[in-house]
4 protein chains.
Amino acid sequence: MAKSSKANALRIGVLGASGYTGGELLRLLARHDGVELRMLSAERRAGQTLAAVFPHLGHLGAPDLIKLEDADYGALDLVFCCLPHGTTQEVIAALPRTLKIVDLSADFRLTDPKSYARWYGHEHRALELQAEAVYGLTELKRAAVAKARLVANPGCYPTSAQLPLVPLLEAGAIESGDIIIDAKSGVSGAGREAKETSLFAEVSEGINAYGIASHRHAPEIEQGLAEAARKPVIVNFTPHLMPMNRGILSSIYVKLAGGASADDLRTTLTKRYAGEPFVRVLPKGQAPATRHVRGSNLCLIGVFADRVPGRAIVLSAIDNLVKGASGQAVQNMNVMAGLAETTGLEQVALFP
Amino acid sequence: MAKSSKANALRIGVLGASGYTGGELLRLLARHDGVELRMLSAERRAGQTLAAVFPHLGHLGAPDLIKLEDADYGALDLVFCCLPHGTTQEVIAALPRTLKIVDLSADFRLTDPKSYARWYGHEHRALELQAEAVYGLTELKRAAVAKARLVANPGCYPTSAQLPLVPLLEAGAIESGDIIIDAKSGVSGAGREAKETSLFAEVSEGINAYGIASHRHAPEIEQGLAEAARKPVIVNFTPHLMPMNRGILSSIYVKLAGGASADDLRTTLTKRYAGEPFVRVLPKGQAPATRHVRGSNLCLIGVFADRVPGRAIVLSAIDNLVKGASGQAVQNMNVMAGLAETTGLEQVALFP
Amino acid sequence: MAKSSKANALRIGVLGASGYTGGELLRLLARHDGVELRMLSAERRAGQTLAAVFPHLGHLGAPDLIKLEDADYGALDLVFCCLPHGTTQEVIAALPRTLKIVDLSADFRLTDPKSYARWYGHEHRALELQAEAVYGLTELKRAAVAKARLVANPGCYPTSAQLPLVPLLEAGAIESGDIIIDAKSGVSGAGREAKETSLFAEVSEGINAYGIASHRHAPEIEQGLAEAARKPVIVNFTPHLMPMNRGILSSIYVKLAGGASADDLRTTLTKRYAGEPFVRVLPKGQAPATRHVRGSNLCLIGVFADRVPGRAIVLSAIDNLVKGASGQAVQNMNVMAGLAETTGLEQVALFP
Amino acid sequence: MAKSSKANALRIGVLGASGYTGGELLRLLARHDGVELRMLSAERRAGQTLAAVFPHLGHLGAPDLIKLEDADYGALDLVFCCLPHGTTQEVIAALPRTLKIVDLSADFRLTDPKSYARWYGHEHRALELQAEAVYGLTELKRAAVAKARLVANPGCYPTSAQLPLVPLLEAGAIESGDIIIDAKSGVSGAGREAKETSLFAEVSEGINAYGIASHRHAPEIEQGLAEAARKPVIVNFTPHLMPMNRGILSSIYVKLAGGASADDLRTTLTKRYAGEPFVRVLPKGQAPATRHVRGSNLCLIGVFADRVPGRAIVLSAIDNLVKGASGQAVQNMNVMAGLAETTGLEQVALFP
């Protein structure tokens, strides 16, 4: 992260820099040599140094936090938007169209305005931007991302579910009507807001399902799977909150189709992601663990035969703050800006 | 736990008292007023005080640990057997037949010798005892347990899966051929043996599936479900290891049958367990959490409609060391001895 | 906890029942056969069932939560007050004087009004009650507690520090001017309020000191030590927040006095607490661990010689919610009501 | 980490690559552009891929693990030695003298053979190497490290204690006879060996002191402090094991000397470390937290006035696996090889 001006560096702003996805963006951008961090906003923390909000980032020489209204957008090439949903669409609608945007909120992920209204409880307030936005699941949408001005960065759960499932549905190797996604997430996915349900004493030493049959990531997953299956898809998506900071493990139970075996699924995925730097399909018999992607932009995928005839088990592991949020956002930025896609994302997972 | 002789107290021995299920038995028996603890064995720790093995139990006045060969079985009415599988069948075969036994190992859980041999890799060495043993899922087998001399205490995962599933299969309310059990367990389930995979640094801050399509609790679950369904059952059982000491959450995905709805499943379970002190079926909309059963003998069950038509989600939470092991063992002892079933098991869950 | 009226039962109310100390009181009272729980208050949760606030207590048959203003104090013999400091003194001042009170807040712990004003930033608003209150460190104040109407239940840190230090100062075995208390606490000590600093993601996988040289438990500790030393005492008290739910370990570094050795300190403490059911002085070479008191009312104390000549190390472990709060509150209630002091407090620690 | 030969790259071997310090070295070297990893040894895992031992490092293209006896030392410029103490001195004595060595064991840290023999229970078996070795606390020994062939990489606790204490003793600002170091460590410091005391269920949700007045890091700390104080020093060093993967917080209690105040201590340290990239002295009022150095090579230091007159509190935080082990080892390698000292060590801490 350049402290002084660099000739060709992309000039970056981060809107909403005081939450976990904002902080993680800054961690990653600190080691990205093609960007210059010019602006950080955080309404309630405006006027404070980054060190006051994130002591671990205090030595990076980043600018102090400001209010959105004080931003000089003319000095920026691209902004990451880490604001709450709802607010986001209004903020982005007011930005100059010369800016490229990677939006980490949910506001522009659903392409169908009716679906948005149903799941979010209000009409979308920036419909033309919703139409313009490109869904930034990078490995699956790279060409569109490269041309996009506004990228809707995928949700954490949808990233973990779509990366394994989309190629399998495209290949007709699994049934689209019998998909069960049992997902386990670390707590940082709930954000930095002070809520009783995110307290250490409420989360540690336990696990529970939440948002059962009602989580807003379900329609996002279904949208992507429907596109792959070329027909509407409804999935069982059951998220669980568990005591770890980072990580999502999605245990996905599928019915085989078209004569495919579990080994065929693995082969399909291995081929599909052969050239990808961030998706690794594990050899037969290996199960992914979230601790092996902690802090990295990797998605690990494992495929197992089920003892129930005609079924298979697909497991995927990501770091919800990296490939599930800020890492994929940087990946999208790289693609949008024509930079090498892995720039700033070479971190090796931190284990233990 | 009486330190001096009580007139009518049940005289108890614990074989293999230095592991987690042994320690948990002692915690529970310490507050049981109908028993007198007479003997503790632990081969490698023989000669030591209980305080040396479990400092938190050091003030209970329990006898020192001895070797099995030094046990005076004539002084005992009932033993809990917390030994490793394989060893167990030989030890129990050598016990006097005047002793009642609650065995916490897997040795006598499978009734079919062929199934045992297939899953455990050797012929059973005490076939007549295997035939005699009663499977001690107390709520479902109370009458048989009451008359049993040898009770095979169920596994932790099988307890969490069968309590909700057996009544549903008996009622014909779910399909027997489409059951997916995604279970999440705390680490104490792996025992107190020093293994790299149970180290703090290998377990904390992560989650992974293990024993995929190959865990030995699968045939135990299937045996119980087959009995309920009156036909062979194969299930998907996928256990996960996660960073908590105690607790199993089983997220069970089922296909409705016979015109039943999710609400019907809840009603069926609520009626079935209406009089039970340790099984609670939660009201509509409430999801069980393991932290609310920590240290207690409770099993919490919640039922939810799925967004996928024709399917439902059944969640169950237990403490793997209590209802999943030592608590159920005490419950079985109470039934076998004609004591009030809740004696020694009134602990309220410890939260946070 | 009786659901129906008992002839001689103490009729109990809990003011502020929705926080962690309130919940823990209810867990303990649930197994206390001499009390009848008649009233629970919680301003913001009034009208809700206890199950809504604490699912693990939902089966106890406790009354629903009400507002303080709706309480019928005539139906009560004793109340536990679990309200925030400041508020507490006004609430208690308005209670009928026929009620016995165990107050878990800090409002009546400091006997010197000037000290209170200095540390809490305002004049005390119930000075006559402050004068009346008895400091309820049960083992050290038993006779006064037995006669008290209003007991100020000690803070968690002060309990862990005073239990080992008071007898040593009384014996003149340590210097009063060179006491360093490095304390490590679990997160439940910060209460159930939704604060960023108590979030799982802010607490897990780390440790930090806080309130350095400024924590309000310092004057409470010093007050007790001064009484023992018969002269003013200033201590170094440095609390640390660490990722566990429950527990305080105080590592106390002292200078030997009067020719005492570390062994002498241990002997002094062993004798002092010989008859006490809840304080255990460990044998030479054994160090207390918080996990061995989790959920119990025990205080474990260990004493070690230091390599630095003339110094010793005293370690004490308690569960901050039990002996450090609600357990000691029940212990005080038992003493105030003439019940056996251990009633309701026989829980064995939950390990692991 | 180059997979193919680089012209000027330092050719590296790692002896004992399957433990946590070995794995952490590989994580750091993976992003070091001046080295080429040529050899990894691990006796019990010889023949396996690195992925089998550390799945998170599986994509780095590192060589497979071999036995020490199969190493071709002629192909190497420098080895990191991550072997157990005792073994290490014999292995290193047998290495060709053309190799540079950074030894992460304790074997060459103590310069006094008698002290070594007393604390480690046997005579040193490579006395001439012991005399040759340079103690590699980089910030304090940079010139000697630059010329060294064999560097004894400091222990984790000694690093955290000496960095703040040595400049204060050199300045005469604190008493050398009254230093209390209460240190709290994450579990990875105990290594990857399967031991009951390192199990998740034994460590989580608790804290305890260990090695009280007998830990082998005490003489290492005292050796460094004695050099700074120019006289023998004995310290109280009390380590604690707590549930986190990484991190050491040392809370150090000192007596002021020479008229110094706590602010003077802070000023002394700030000046001493002004140009250092990895040591940050925090502004007044800020306390270091281990979570803010997780995964980074930083040492954070905070200084506070004590309420006890004439005393001060010094807090230091490091990641035990980075600045406390492998990060400092890479830092020493950089100095020994004339590379920029921060190469490969620019990682920003991973929070949360």
# chains A, B, ... in the order shown; residues from 1 in each chain; ligands from 1
>>> interface_residues(of="chain B", to="chain C", cutoff="6 Å", atoms="only C-alpha atoms", output="ChimeraX atom specification")
/B:56,292,349
>>> write_last_selection(atoms="N, CA and C atoms", output="short mmCIF file (atom, residue, chain, number, x, y, z; two decimals), in the first residue's frame")
data_model
loop_
_atom_site.label_atom_id
_atom_site.label_comp_id
_atom_site.auth_asym_id
_atom_site.auth_seq_id
_atom_site.Cartn_x
_atom_site.Cartn_y
_atom_site.Cartn_z
N HIS B 56 -10.62 -31.99 39.34
CA HIS B 56 -11.92 -31.43 39.71
C HIS B 56 -12.77 -32.41 40.52
N HIS B 292 -27.22 -25.00 25.24
CA HIS B 292 -28.32 -25.04 26.19
C HIS B 292 -28.53 -26.42 26.80
N ALA B 349 -28.32 -27.15 32.67
CA ALA B 349 -27.21 -26.88 31.77
C ALA B 349 -26.40 -25.68 32.25
#
>>> select_by_dssp(residues="region 122-292 of chain D", states="strand (DSSP E)", output="ChimeraX atom specification")
/D:134-135,150-152,180-185,208-209,236-241,248-255,279-281
>>> write_last_selection(atoms="N, CA, C and O atoms", output="CSV table (one decimal), in the first residue's frame")
chain,number,residue,atom,x,y,z
D,134,VAL,N,25.9,-17.5,18.1
D,134,VAL,CA,25.5,-16.1,18.4
D,134,VAL,C,24.0,-16.1,18.8
D,134,VAL,O,23.2,-16.7,18.1
D,135,TYR,N,23.7,-15.5,19.9
D,135,TYR,CA,22.3,-15.4,20.3
D,135,TYR,C,21.5,-14.4,19.4
D,135,TYR,O,21.8,-13.2,19.4
D,150,LEU,N,26.6,-19.7,13.0
D,150,LEU,CA,25.5,-20.5,13.7
D,150,LEU,C,24.8,-19.5,14.6
D,150,LEU,O,25.4,-18.9,15.5
D,151,VAL,N,23.5,-19.3,14.4
D,151,VAL,CA,22.7,-18.5,15.2
D,151,VAL,C,21.8,-19.3,16.1
D,151,VAL,O,21.1,-20.2,15.6
D,152,ALA,N,21.8,-19.0,17.4
D,152,ALA,CA,20.8,-19.7,18.3
D,152,ALA,C,19.6,-18.7,18.3
D,152,ALA,O,19.7,-17.7,18.9
D,180,ILE,N,9.2,-9.1,37.7
D,180,ILE,CA,8.2,-10.2,37.7
D,180,ILE,C,7.6,-10.3,36.3
D,180,ILE,O,7.1,-9.3,35.8
D,181,ILE,N,7.8,-11.4,35.7
D,181,ILE,CA,7.3,-11.6,34.3
D,181,ILE,C,6.2,-12.7,34.3
D,181,ILE,O,6.4,-13.9,34.5
D,182,ASP,N,5.0,-12.2,34.2
D,182,ASP,CA,3.8,-13.1,34.1
D,182,ASP,C,3.4,-13.2,32.7
D,182,ASP,O,2.9,-12.3,32.0
D,183,ALA,N,3.7,-14.4,32.1
D,183,ALA,CA,3.6,-14.5,30.6
D,183,ALA,C,2.4,-15.5,30.3
D,183,ALA,O,2.2,-16.5,31.0
D,184,LYS,N,1.7,-15.2,29.3
D,184,LYS,CA,0.5,-16.0,28.9
D,184,LYS,C,0.8,-16.4,27.4
D,184,LYS,O,0.9,-15.6,26.5
D,185,SER,N,0.7,-17.7,27.2
D,185,SER,CA,1.1,-18.2,25.9
D,185,SER,C,0.0,-19.0,25.2
D,185,SER,O,-0.8,-19.7,25.9
D,208,ASN,N,-4.0,-21.9,33.3
D,208,ASN,CA,-3.2,-22.4,34.4
D,208,ASN,C,-1.8,-22.0,34.2
D,208,ASN,O,-1.3,-21.9,33.1
D,209,ALA,N,-1.1,-21.7,35.4
D,209,ALA,CA,0.3,-21.5,35.3
D,209,ALA,C,1.0,-22.9,35.3
D,209,ALA,O,0.4,-23.9,35.7
D,236,ASN,N,11.5,-13.4,38.5
D,236,ASN,CA,10.3,-14.3,38.6
D,236,ASN,C,9.7,-14.4,37.1
D,236,ASN,O,9.4,-13.4,36.5
D,237,PHE,N,9.7,-15.6,36.6
D,237,PHE,CA,9.1,-15.9,35.3
D,237,PHE,C,8.0,-17.0,35.5
D,237,PHE,O,8.3,-18.1,35.8
D,238,THR,N,6.8,-16.6,35.3
D,238,THR,CA,5.7,-17.5,35.5
D,238,THR,C,4.9,-17.6,34.2
D,238,THR,O,4.1,-16.7,33.9
D,239,PRO,N,5.1,-18.7,33.5
D,239,PRO,CA,4.3,-18.8,32.2
D,239,PRO,C,2.9,-19.5,32.5
D,239,PRO,O,2.8,-20.2,33.5
D,240,HIS,N,2.0,-19.1,31.7
D,240,HIS,CA,0.6,-19.6,31.7
D,240,HIS,C,0.2,-20.2,30.4
D,240,HIS,O,0.6,-19.6,29.4
D,241,LEU,N,-0.5,-21.3,30.4
D,241,LEU,CA,-1.0,-21.8,29.2
D,241,LEU,C,-2.5,-21.4,29.0
D,241,LEU,O,-3.3,-21.6,29.9
D,248,ILE,N,2.0,-14.5,22.6
D,248,ILE,CA,2.5,-14.4,24.0
D,248,ILE,C,2.2,-13.0,24.5
D,248,ILE,O,2.6,-12.1,23.8
D,249,LEU,N,1.6,-12.9,25.6
D,249,LEU,CA,1.5,-11.6,26.2
D,249,LEU,C,2.4,-11.7,27.5
D,249,LEU,O,2.0,-12.5,28.4
D,250,SER,N,3.4,-10.9,27.6
D,250,SER,CA,4.2,-10.8,28.9
D,250,SER,C,3.8,-9.6,29.6
D,250,SER,O,3.9,-8.4,29.1
D,251,SER,N,3.2,-9.7,30.8
D,251,SER,CA,2.9,-8.6,31.7
D,251,SER,C,4.0,-8.5,32.7
D,251,SER,O,4.2,-9.4,33.5
D,252,ILE,N,4.8,-7.5,32.6
D,252,ILE,CA,6.1,-7.4,33.4
D,252,ILE,C,6.0,-6.3,34.4
D,252,ILE,O,5.6,-5.2,34.1
D,253,TYR,N,6.2,-6.6,35.6
D,253,TYR,CA,6.1,-5.7,36.7
D,253,TYR,C,7.5,-5.3,37.2
D,253,TYR,O,8.2,-6.2,37.6
D,254,VAL,N,7.8,-4.0,37.2
D,254,VAL,CA,9.2,-3.6,37.5
D,254,VAL,C,9.2,-2.5,38.5
D,254,VAL,O,8.2,-1.8,38.7
D,255,LYS,N,10.3,-2.3,39.1
D,255,LYS,CA,10.5,-1.3,40.1
D,255,LYS,C,11.4,-0.2,39.4
D,255,LYS,O,12.4,-0.5,38.8
D,279,VAL,N,9.5,-3.7,15.9
D,279,VAL,CA,9.2,-3.4,17.3
D,279,VAL,C,8.5,-2.1,17.4
D,279,VAL,O,9.0,-1.1,16.9
D,280,ARG,N,7.3,-2.1,18.0
D,280,ARG,CA,6.5,-0.8,18.1
D,280,ARG,C,6.2,-0.5,19.5
D,280,ARG,O,5.5,-1.3,20.2
D,281,VAL,N,6.6,0.6,20.0
D,281,VAL,CA,6.3,1.0,21.3
D,281,VAL,C,5.0,1.9,21.2
D,281,VAL,O,5.0,2.9,20.5
>>> atom_distance(atom1="CA of Ala190 (chain A)", atom2="CA of Ala201 (chain C)")
9.6 Å
>>> residues_around(residues="Pro154 (chain D)", least_positions_apart="5", cutoff="7 Å", atoms="only C-alpha atoms", output="MDAnalysis selection string")
chainID D and resid 109 135:137 159
>>> write_last_selection(atoms="C-alpha atoms", output="short mmCIF file (atom, residue, chain, number, x, y, z; two decimals), in the first residue's frame")
data_model
loop_
_atom_site.label_atom_id
_atom_site.label_comp_id
_atom_site.auth_asym_id
_atom_site.auth_seq_id
_atom_site.Cartn_x
_atom_site.Cartn_y
_atom_site.Cartn_z
CA ARG D 109 21.07 -20.35 23.67
CA TYR D 135 22.25 -15.43 20.31
CA GLY D 136 19.93 -14.14 17.63
CA LEU D 137 17.66 -11.60 19.27
CA THR D 159 12.04 -12.72 23.06
#
>>> atom_distance(atom1="CA of Pro84 (chain B)", atom2="CA of Gly19 (chain B)")
10.2 Å
